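Written out below as structure tokens is the structure these notes cover.
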Amino acid sequence: MEGTFKRPVFRLKTEDANTRARVGTIVTYKGVTTDTPCCFTCTRRGIPQHLSLDNLRRVRGVQGLNVCASHLMNTSSVGLSGDREIHGLVGMGDADKRKWVVLCSIRDPLANNVNIHKGISPDSLPVDTPLGVVHLTWKEHVRLMEEFSPDVFMTLSDDIVPQCGKTRRRKASERTLRWLEHTLVHCKDALPTSGVLASIVACGNKEDCIRMTEQSVIAAGHWPLGYAIMSLGLGESPATRHELLSTITELLPSNRLRYAAGVHSLSDIVLAVSSGVDAVDSSLVNELSNGGKALVFDVDCNGSSEGVCQQEPLDLRSASCARNKGPIL
């Protein structure tokens, strides 16, 4: 299968006429197939928190990993901390490369990825790394992705909070669009096996999102794998988030992957899928693990799950669970 596709492709199978939910597949050049809708599990240095790589291999249902490049960056040379591609740096073998789709984000998806640093340059994006803040240009980002060799990555985005003024929102849109145009031109030859997601900043009001989306679709053309809807989960209400997602997805080509960042809770994921989103980054596992909680599903007497989750996660630190050594039910 490897070599059949030079770049990852997205294939739309069906779309629900009532809910706008979609079903499709992502196929990488290595032959990894991931069904959508799906979640890219957030990681720390390539592995989900509270899991070793051996444990991760045993977990069913993990289809994609969101690996943050800034966790592995060497700030002195704006490169990775080693000579191998990202799969090797986090300990993945050849079999692992054919098991999960690896999505690269440049900023930590578990943090508030907004530009809070002073002296923002029009040509660079401030990125927090373990060794300090790096101001990353689009050229350095592309070079990092060449070194990284991920299955999928997104172009740089100037993520801002909803409370920003009109001038700041306009600058964020202009910077994101400019980085998109430069990156796509360079990546056509520099990254022959990676799929690119064209970033769209979902900030401001509905009119701003419409303008930004239309400009991004024109600039991207038919070349990218899909689109990454950014600047979500930074303080907007669930109703506003749903409205922005619905507005943006209506303007995107139906045959391109739609990815949304900042979608964390179960209800957020359901709303995103019903808005026509195909993939999200998911910090749900991290938030549950850090809080000592677990999702519990209804199981019949034969042991098969009906896929119905209880209203609230089970608090494993509560008095009723603290001394219970039985299975989590």
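Labels used: A, B, ... for chains in the order of the structure tokens, numbers from 1 for residues in each chain, and numbers from 1 for ligands as shown.
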Applying 12 Å and only C-alpha atoms, which residues near Leu288 (chain A) remain after dropping the ones on its own chain fewer than 5 positions away? List them as a PyMOL selection string. chain A and resi 48-50+264-266+282-283+293-296+312-317
Using N, CA and C atoms, can you export the residues from the last selection as a short mmCIF file (atom, residue, chain, number, x, y, z; two decimals), in the first residue's frame?
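Heads up, here's the output in result10.cif:
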```cif
data_model
loop_
_atom_site.label_atom_id
_atom_site.label_comp_id
_atom_site.auth_asym_id
_atom_site.auth_seq_id
_atom_site.Cartn_x
_atom_site.Cartn_y
_atom_site.Cartn_z
N PRO A 48 0.38 10.24 24.95
CA PRO A 48 -0.65 10.78 25.85
C PRO A 48 -0.21 10.70 27.30
N GLN A 49 -0.60 11.70 28.08
CA GLN A 49 -0.25 11.70 29.50
C GLN A 49 -0.77 10.45 30.19
N HIS A 50 0.00 9.95 31.15
CA HIS A 50 -0.36 8.81 31.98
C HIS A 50 -0.35 7.49 31.21
N HIS A 264 -13.03 20.20 23.28
CA HIS A 264 -12.53 19.37 24.36
C HIS A 264 -13.54 18.42 24.98
N SER A 265 -14.72 18.89 25.33
CA SER A 265 -15.67 18.05 26.06
C SER A 265 -16.47 17.16 25.12
N LEU A 266 -17.17 16.18 25.70
CA LEU A 266 -18.00 15.30 24.89
C LEU A 266 -19.07 16.07 24.13
N SER A 282 -8.30 16.27 20.74
CA SER A 282 -9.04 15.91 21.96
C SER A 282 -8.12 15.89 23.16
N SER A 283 -8.37 16.82 24.09
CA SER A 283 -7.67 16.81 25.36
C SER A 283 -8.51 16.13 26.44
N LYS A 293 -10.74 11.03 36.85
CA LYS A 293 -12.10 10.66 36.46
C LYS A 293 -12.07 9.64 35.33
N ALA A 294 -13.20 8.97 35.13
CA ALA A 294 -13.32 7.97 34.08
C ALA A 294 -14.71 8.04 33.46
N LEU A 295 -14.78 7.81 32.16
CA LEU A 295 -16.08 7.71 31.49
C LEU A 295 -16.61 6.30 31.68
N VAL A 296 -17.88 6.18 31.96
CA VAL A 296 -18.51 4.88 32.19
C VAL A 296 -19.64 4.70 31.19
N GLU A 312 -22.32 12.14 33.91
CA GLU A 312 -21.12 12.72 34.48
C GLU A 312 -20.03 11.65 34.58
N PRO A 313 -18.74 12.03 34.38
CA PRO A 313 -17.65 11.08 34.57
C PRO A 313 -17.60 10.57 36.00
N LEU A 314 -17.12 9.37 36.18
CA LEU A 314 -17.00 8.78 37.50
C LEU A 314 -15.76 9.34 38.20
N ASP A 315 -15.93 9.86 39.40
CA ASP A 315 -14.83 10.43 40.16
C ASP A 315 -14.12 9.32 40.93
N LEU A 316 -12.95 8.93 40.45
CA LEU A 316 -12.22 7.83 41.06
C LEU A 316 -11.60 8.20 42.41
N ARG A 317 -11.60 9.48 42.75
CA ARG A 317 -11.03 9.91 44.03
C ARG A 317 -12.10 10.06 45.10
#
```
Per-residue DSSP, region 65-224 of chain A, filtered to strand (DSSP E), as an NGL selection string: :A and (65-68 or 73-74 or 79-80 or 101-105 or 124-129 or 132-137 or 152-154 or 195-201)
Residues as selected, C-alpha atoms, written as a PDB file, in the first residue's frame, can you do that?
```pdb
ATOM      1  CA  LEU A  65      -2.060  11.400  17.726  1.00  0.00           C
ATOM      2  CA  ASN A  66      -1.580  15.162  17.938  1.00  0.00           C
ATOM      3  CA  VAL A  67       2.156  15.570  18.509  1.00  0.00           C
ATOM      4  CA  CYS A  68       3.268  19.077  19.448  1.00  0.00           C
ATOM      5  CA  MET A  73      12.261  21.681  19.732  1.00  0.00           C
ATOM      6  CA  ASN A  74      15.845  22.763  20.120  1.00  0.00           C
ATOM      7  CA  GLY A  79      14.888  22.231  14.995  1.00  0.00           C
ATOM      8  CA  LEU A  80      14.067  18.952  16.663  1.00  0.00           C
ATOM      9  CA  VAL A 101      -2.015   9.009  11.826  1.00  0.00           C
ATOM     10  CA  VAL A 102       0.373  11.576  13.314  1.00  0.00           C
ATOM     11  CA  LEU A 103      -0.800  15.190  13.177  1.00  0.00           C
ATOM     12  CA  CYS A 104       1.735  17.897  13.963  1.00  0.00           C
ATOM     13  CA  SER A 105       0.731  21.066  15.771  1.00  0.00           C
ATOM     14  CA  SER A 124       6.848  35.393  13.136  1.00  0.00           C
ATOM     15  CA  LEU A 125       4.749  33.518  15.677  1.00  0.00           C
ATOM     16  CA  PRO A 126       5.828  33.279  19.354  1.00  0.00           C
ATOM     17  CA  VAL A 127       5.916  29.641  20.449  1.00  0.00           C
ATOM     18  CA  ASP A 128       6.468  28.402  24.011  1.00  0.00           C
ATOM     19  CA  THR A 129       9.028  25.594  24.201  1.00  0.00           C
ATOM     20  CA  GLY A 132      11.855  29.374  26.311  1.00  0.00           C
ATOM     21  CA  VAL A 133       9.923  31.375  23.745  1.00  0.00           C
ATOM     22  CA  VAL A 134      10.864  30.981  20.078  1.00  0.00           C
ATOM     23  CA  HIS A 135       9.661  33.426  17.432  1.00  0.00           C
ATOM     24  CA  LEU A 136       9.021  31.115  14.509  1.00  0.00           C
ATOM     25  CA  THR A 137       8.782  32.329  10.909  1.00  0.00           C
ATOM     26  CA  VAL A 152      -0.466  15.735   8.536  1.00  0.00           C
ATOM     27  CA  PHE A 153       0.368  19.253   9.713  1.00  0.00           C
ATOM     28  CA  MET A 154      -1.359  22.624   9.747  1.00  0.00           C
ATOM     29  CA  GLY A 195      -0.831  16.408   4.088  1.00  0.00           C
ATOM     30  CA  VAL A 196      -1.321  20.109   4.773  1.00  0.00           C
ATOM     31  CA  LEU A 197      -4.278  21.631   6.592  1.00  0.00           C
ATOM     32  CA  ALA A 198      -4.864  25.278   5.658  1.00  0.00           C
ATOM     33  CA  SER A 199      -5.476  27.203   8.890  1.00  0.00           C
ATOM     34  CA  ILE A 200      -8.479  29.492   9.358  1.00  0.00           C
ATOM     35  CA  VAL A 201      -8.774  31.763  12.398  1.00  0.00           C
TER      36      VAL A 201
END
```
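Atom pair CA of Ser157 (chain A) / CA of Pro130 (chain A) has a distance of 20.5 Å (rounded to one decimal).
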Spatial neighbours of Ile269 (chain A), 12 Å, only C-alpha atoms, chain gap at least 4 places, as a ChimeraX atom specification: /A:21,37-40,233,238,241-242,245,259-265,273-284
Mind the document's chain letters and residue numbers, and return as a short mmCIF file (atom, residue, chain, number, x, y, z; two decimals) with N, CA, C and O atoms, in the first residue's frame the residues of region 127-251 of chain A that DSSP labels helix (DSSP H, G or I).
```
data_model
loop_
_atom_site.label_atom_id
_atom_site.label_comp_id
_atom_site.auth_asym_id
_atom_site.auth_seq_id
_atom_site.Cartn_x
_atom_site.Cartn_y
_atom_site.Cartn_z
N TRP A 138 7.47 31.49 9.05
CA TRP A 138 6.87 30.42 8.25
C TRP A 138 7.96 29.57 7.59
O TRP A 138 7.78 28.35 7.43
N LYS A 139 9.09 30.18 7.23
CA LYS A 139 10.18 29.40 6.63
C LYS A 139 10.75 28.40 7.62
O LYS A 139 11.03 27.25 7.28
N GLU A 140 10.94 28.84 8.87
CA GLU A 140 11.44 27.94 9.90
C GLU A 140 10.43 26.85 10.21
O GLU A 140 10.79 25.70 10.48
N HIS A 141 9.16 27.21 10.15
CA HIS A 141 8.11 26.21 10.39
C HIS A 141 8.13 25.13 9.31
O HIS A 141 8.04 23.94 9.61
N VAL A 142 8.27 25.54 8.06
CA VAL A 142 8.33 24.58 6.96
C VAL A 142 9.56 23.69 7.10
O VAL A 142 9.50 22.47 6.91
N ARG A 143 10.68 24.31 7.46
CA ARG A 143 11.91 23.51 7.64
C ARG A 143 11.75 22.52 8.78
O ARG A 143 12.22 21.38 8.71
N LEU A 144 11.05 22.93 9.83
CA LEU A 144 10.79 22.03 10.94
C LEU A 144 9.90 20.86 10.50
O LEU A 144 10.12 19.72 10.91
N MET A 145 8.91 21.13 9.67
CA MET A 145 8.04 20.07 9.18
C MET A 145 8.79 19.12 8.24
O MET A 145 8.51 17.92 8.21
N GLU A 146 9.75 19.64 7.48
CA GLU A 146 10.58 18.77 6.66
C GLU A 146 11.36 17.80 7.54
O GLU A 146 11.51 16.62 7.22
N GLU A 147 11.88 18.31 8.65
CA GLU A 147 12.62 17.47 9.58
C GLU A 147 11.68 16.52 10.32
O GLU A 147 12.03 15.37 10.61
N PHE A 148 10.49 17.00 10.61
CA PHE A 148 9.49 16.26 11.36
C PHE A 148 8.95 15.09 10.55
O PHE A 148 8.81 13.96 11.03
N LYS A 166 -11.21 44.93 16.71
CA LYS A 166 -11.31 44.76 15.26
C LYS A 166 -9.95 44.79 14.58
O LYS A 166 -9.67 43.98 13.69
N THR A 167 -9.08 45.71 15.02
CA THR A 167 -7.76 45.83 14.40
C THR A 167 -6.93 44.57 14.64
O THR A 167 -6.28 44.06 13.72
N ARG A 168 -6.96 44.06 15.87
CA ARG A 168 -6.19 42.84 16.17
C ARG A 168 -6.74 41.65 15.41
O ARG A 168 -5.98 40.79 14.95
N ARG A 169 -8.06 41.55 15.27
CA ARG A 169 -8.65 40.45 14.51
C ARG A 169 -8.25 40.52 13.04
O ARG A 169 -7.95 39.49 12.42
N ARG A 170 -8.21 41.73 12.51
CA ARG A 170 -7.81 41.89 11.11
C ARG A 170 -6.36 41.47 10.91
O ARG A 170 -6.02 40.78 9.94
N LYS A 171 -5.47 41.86 11.84
CA LYS A 171 -4.07 41.48 11.72
C LYS A 171 -3.89 39.97 11.84
O LYS A 171 -3.07 39.37 11.13
N ALA A 172 -4.67 39.35 12.73
CA ALA A 172 -4.58 37.89 12.88
C ALA A 172 -4.98 37.18 11.60
O ALA A 172 -4.34 36.21 11.17
N SER A 173 -6.02 37.66 10.97
CA SER A 173 -6.47 37.06 9.71
C SER A 173 -5.45 37.26 8.60
O SER A 173 -5.15 36.34 7.83
N GLU A 174 -4.88 38.46 8.52
CA GLU A 174 -3.91 38.76 7.48
C GLU A 174 -2.64 37.93 7.65
O GLU A 174 -2.09 37.40 6.67
N ARG A 175 -2.16 37.83 8.88
CA ARG A 175 -0.94 37.05 9.13
C ARG A 175 -1.17 35.58 8.81
O ARG A 175 -0.33 34.93 8.15
N THR A 176 -2.29 35.02 9.27
CA THR A 176 -2.58 33.61 9.02
C THR A 176 -2.71 33.34 7.53
O THR A 176 -2.21 32.31 7.03
N LEU A 177 -3.36 34.23 6.80
CA LEU A 177 -3.53 34.06 5.37
C LEU A 177 -2.19 34.16 4.64
O LEU A 177 -1.91 33.38 3.71
N ARG A 178 -1.34 35.10 5.05
CA ARG A 178 -0.03 35.26 4.41
C ARG A 178 0.83 34.03 4.64
O ARG A 178 1.50 33.54 3.72
N TRP A 179 0.83 33.51 5.87
CA TRP A 179 1.60 32.29 6.17
C TRP A 179 1.08 31.11 5.35
O TRP A 179 1.86 30.27 4.89
N LEU A 180 -0.23 31.04 5.18
CA LEU A 180 -0.83 29.96 4.39
C LEU A 180 -0.34 30.01 2.95
O LEU A 180 0.09 28.99 2.39
N GLU A 181 -0.38 31.17 2.35
CA GLU A 181 0.04 31.30 0.95
C GLU A 181 1.50 30.92 0.76
O GLU A 181 1.85 30.17 -0.16
N HIS A 182 2.37 31.42 1.64
CA HIS A 182 3.81 31.11 1.52
C HIS A 182 4.08 29.62 1.74
O HIS A 182 4.86 29.00 1.01
N THR A 183 3.43 29.05 2.75
CA THR A 183 3.67 27.65 3.09
C THR A 183 3.25 26.72 1.97
O THR A 183 3.96 25.77 1.62
N LEU A 184 2.08 26.96 1.39
CA LEU A 184 1.59 26.08 0.33
C LEU A 184 2.50 26.10 -0.89
O LEU A 184 2.74 25.06 -1.50
N VAL A 185 2.99 27.27 -1.25
CA VAL A 185 3.89 27.37 -2.40
C VAL A 185 5.15 26.56 -2.17
O VAL A 185 5.62 25.83 -3.05
N HIS A 186 5.71 26.63 -0.96
CA HIS A 186 6.97 25.95 -0.66
C HIS A 186 6.78 24.45 -0.45
O HIS A 186 7.63 23.65 -0.84
N CYS A 187 5.65 24.05 0.15
CA CYS A 187 5.48 22.66 0.55
C CYS A 187 5.15 21.71 -0.60
O CYS A 187 5.23 20.50 -0.43
N LYS A 188 4.74 22.24 -1.71
CA LYS A 188 4.39 21.36 -2.83
C LYS A 188 5.56 20.48 -3.24
O LYS A 188 5.38 19.34 -3.68
N ASP A 189 6.77 21.00 -3.09
CA ASP A 189 7.96 20.22 -3.42
C ASP A 189 8.73 19.75 -2.19
O ASP A 189 9.34 18.69 -2.20
N ALA A 190 8.68 20.54 -1.11
CA ALA A 190 9.50 20.25 0.07
C ALA A 190 8.95 19.11 0.91
O ALA A 190 9.71 18.42 1.59
N LYS A 206 -19.42 36.57 12.93
CA LYS A 206 -19.74 35.72 11.80
C LYS A 206 -19.20 36.28 10.49
O LYS A 206 -18.69 35.55 9.64
N GLU A 207 -19.30 37.59 10.32
CA GLU A 207 -18.84 38.23 9.09
C GLU A 207 -17.32 38.08 8.93
O GLU A 207 -16.83 37.85 7.82
N ASP A 208 -16.57 38.22 10.03
CA ASP A 208 -15.12 38.03 9.97
C ASP A 208 -14.77 36.62 9.53
O ASP A 208 -13.87 36.40 8.72
N CYS A 209 -15.50 35.62 10.07
CA CYS A 209 -15.24 34.23 9.72
C CYS A 209 -15.54 33.95 8.26
O CYS A 209 -14.82 33.20 7.59
N ILE A 210 -16.61 34.53 7.76
CA ILE A 210 -16.97 34.34 6.35
C ILE A 210 -15.87 34.89 5.45
O ILE A 210 -15.43 34.24 4.50
N ARG A 211 -15.41 36.10 5.75
CA ARG A 211 -14.36 36.72 4.93
C ARG A 211 -13.07 35.92 4.99
O ARG A 211 -12.43 35.66 3.95
N MET A 212 -12.66 35.51 6.19
CA MET A 212 -11.43 34.75 6.34
C MET A 212 -11.51 33.41 5.62
O MET A 212 -10.56 32.98 4.95
N THR A 213 -12.65 32.74 5.73
CA THR A 213 -12.81 31.43 5.10
C THR A 213 -12.78 31.54 3.59
O THR A 213 -12.11 30.75 2.90
N GLU A 214 -13.49 32.51 3.04
CA GLU A 214 -13.51 32.69 1.59
C GLU A 214 -12.12 32.99 1.04
O GLU A 214 -11.71 32.46 0.00
N GLN A 215 -11.37 33.83 1.75
CA GLN A 215 -10.01 34.15 1.30
C GLN A 215 -9.10 32.92 1.38
O GLN A 215 -8.27 32.70 0.49
N SER A 216 -9.26 32.13 2.44
CA SER A 216 -8.42 30.94 2.61
C SER A 216 -8.71 29.89 1.54
O SER A 216 -7.80 29.24 1.03
N VAL A 217 -9.98 29.70 1.21
CA VAL A 217 -10.35 28.72 0.19
C VAL A 217 -9.77 29.12 -1.16
O VAL A 217 -9.25 28.28 -1.92
N ILE A 218 -9.82 30.41 -1.49
CA ILE A 218 -9.25 30.89 -2.75
C ILE A 218 -7.74 30.70 -2.77
O ILE A 218 -7.16 30.23 -3.75
N ALA A 219 -7.08 31.05 -1.66
CA ALA A 219 -5.62 30.94 -1.60
C ALA A 219 -5.15 29.49 -1.63
O ALA A 219 -4.13 29.17 -2.23
N ALA A 220 -5.91 28.60 -0.99
CA ALA A 220 -5.51 27.18 -0.89
C ALA A 220 -5.74 26.43 -2.19
O ALA A 220 -4.99 25.51 -2.54
N PRO A 238 -20.37 27.81 24.07
CA PRO A 238 -20.65 26.68 23.18
C PRO A 238 -21.56 27.05 22.02
O PRO A 238 -21.37 26.57 20.89
N ALA A 239 -22.54 27.92 22.25
CA ALA A 239 -23.45 28.34 21.18
C ALA A 239 -22.71 29.12 20.11
O ALA A 239 -22.92 28.91 18.91
N THR A 240 -21.81 30.01 20.54
CA THR A 240 -21.01 30.78 19.57
C THR A 240 -20.08 29.87 18.80
O THR A 240 -19.91 30.01 17.57
N ARG A 241 -19.46 28.91 19.50
CA ARG A 241 -18.56 27.97 18.84
C ARG A 241 -19.29 27.17 17.77
O ARG A 241 -18.80 26.98 16.66
N HIS A 242 -20.49 26.71 18.10
CA HIS A 242 -21.29 25.94 17.15
C HIS A 242 -21.67 26.80 15.94
O HIS A 242 -21.62 26.34 14.79
N GLU A 243 -22.02 28.06 16.19
CA GLU A 243 -22.39 28.96 15.09
C GLU A 243 -21.20 29.21 14.17
O GLU A 243 -21.35 29.19 12.93
N LEU A 244 -20.03 29.47 14.75
CA LEU A 244 -18.84 29.73 13.94
C LEU A 244 -18.45 28.52 13.12
O LEU A 244 -18.10 28.63 11.93
N LEU A 245 -18.48 27.33 13.75
CA LEU A 245 -18.15 26.11 13.02
C LEU A 245 -19.12 25.87 11.86
O LEU A 245 -18.71 25.53 10.76
N SER A 246 -20.39 26.05 12.11
CA SER A 246 -21.39 25.84 11.06
C SER A 246 -21.20 26.83 9.92
O SER A 246 -21.30 26.47 8.73
N THR A 247 -20.90 28.08 10.26
CA THR A 247 -20.68 29.11 9.25
C THR A 247 -19.48 28.78 8.37
O THR A 247 -19.54 28.89 7.14
N ILE A 248 -18.39 28.36 9.01
CA ILE A 248 -17.16 28.09 8.26
C ILE A 248 -17.29 26.84 7.41
O ILE A 248 -16.92 26.84 6.22
N THR A 249 -17.81 25.76 7.97
CA THR A 249 -17.89 24.50 7.22
C THR A 249 -18.81 24.60 6.01
O THR A 249 -18.61 23.91 5.01
N GLU A 250 -19.82 25.46 6.07
CA GLU A 250 -20.70 25.64 4.93
C GLU A 250 -19.96 26.21 3.72
O GLU A 250 -20.38 26.00 2.57
N LEU A 251 -18.85 26.90 3.97
CA LEU A 251 -18.10 27.54 2.89
C LEU A 251 -16.92 26.70 2.41
O LEU A 251 -16.28 27.06 1.41
#
```
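Proximity of A:His71, A:Asp54, A:Val285, A:Ile106 to Gly93 (chain A), computed with only C-alpha atoms, is greatest for A:Asp54.
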Within 8 Å of Leu225 (chain A) using only C-alpha atoms, minus same-chain residues under 2 positions, as a PyMOL selection string: chain A and resi 8-10+195-197+223+227+256-257
Mind writing the picked residues with N, CA, C and O atoms as a JSON list (two decimals), in the first residue's frame?
```
[["chain", "number", "residue", "atom", "x", "y", "z"],
["A", 8, "PRO", "N", -1.28, 12.14, 1.88],
["A", 8, "PRO", "CA", -2.55, 11.66, 2.44],
["A", 8, "PRO", "C", -3.73, 12.20, 1.64],
["A", 8, "PRO", "O", -3.69, 13.32, 1.11],
["A", 9, "VAL", "N", -4.78, 11.41, 1.57],
["A", 9, "VAL", "CA", -6.00, 11.83, 0.88],
["A", 9, "VAL", "C", -7.18, 11.65, 1.83],
["A", 9, "VAL", "O", -7.16, 10.81, 2.73],
["A", 10, "PHE", "N", -8.20, 12.47, 1.61],
["A", 10, "PHE", "CA", -9.44, 12.35, 2.37],
["A", 10, "PHE", "C", -10.54, 11.94, 1.40],
["A", 10, "PHE", "O", -10.70, 12.52, 0.33],
["A", 195, "GLY", "N", 0.38, 15.68, 4.42],
["A", 195, "GLY", "CA", -0.83, 16.41, 4.09],
["A", 195, "GLY", "C", -0.88, 17.72, 4.84],
["A", 195, "GLY", "O", -0.56, 17.78, 6.03],
["A", 196, "VAL", "N", -1.29, 18.78, 4.17],
["A", 196, "VAL", "CA", -1.32, 20.11, 4.77],
["A", 196, "VAL", "C", -2.76, 20.52, 5.04],
["A", 196, "VAL", "O", -3.63, 20.38, 4.18],
["A", 197, "LEU", "N", -2.99, 21.04, 6.25],
["A", 197, "LEU", "CA", -4.28, 21.63, 6.59],
["A", 197, "LEU", "C", -4.13, 23.14, 6.58],
["A", 197, "LEU", "O", -3.29, 23.70, 7.30],
["A", 223, "TRP", "N", -5.21, 22.12, -3.53],
["A", 223, "TRP", "CA", -4.01, 21.37, -3.17],
["A", 223, "TRP", "C", -4.02, 20.78, -1.77],
["A", 223, "TRP", "O", -3.60, 19.65, -1.57],
["A", 227, "TYR", "N", -8.73, 21.65, 5.87],
["A", 227, "TYR", "CA", -8.68, 22.94, 6.55],
["A", 227, "TYR", "C", -8.70, 22.73, 8.06],
["A", 227, "TYR", "O", -9.40, 21.85, 8.56],
["A", 256, "ARG", "N", -12.84, 18.00, 1.15],
["A", 256, "ARG", "CA", -11.63, 18.26, 1.93],
["A", 256, "ARG", "C", -11.90, 18.01, 3.42],
["A", 256, "ARG", "O", -13.00, 18.26, 3.91],
["A", 257, "LEU", "N", -10.86, 17.52, 4.11],
["A", 257, "LEU", "CA", -10.96, 17.24, 5.53],
["A", 257, "LEU", "C", -11.20, 18.53, 6.31],
["A", 257, "LEU", "O", -10.58, 19.56, 6.02]]
```
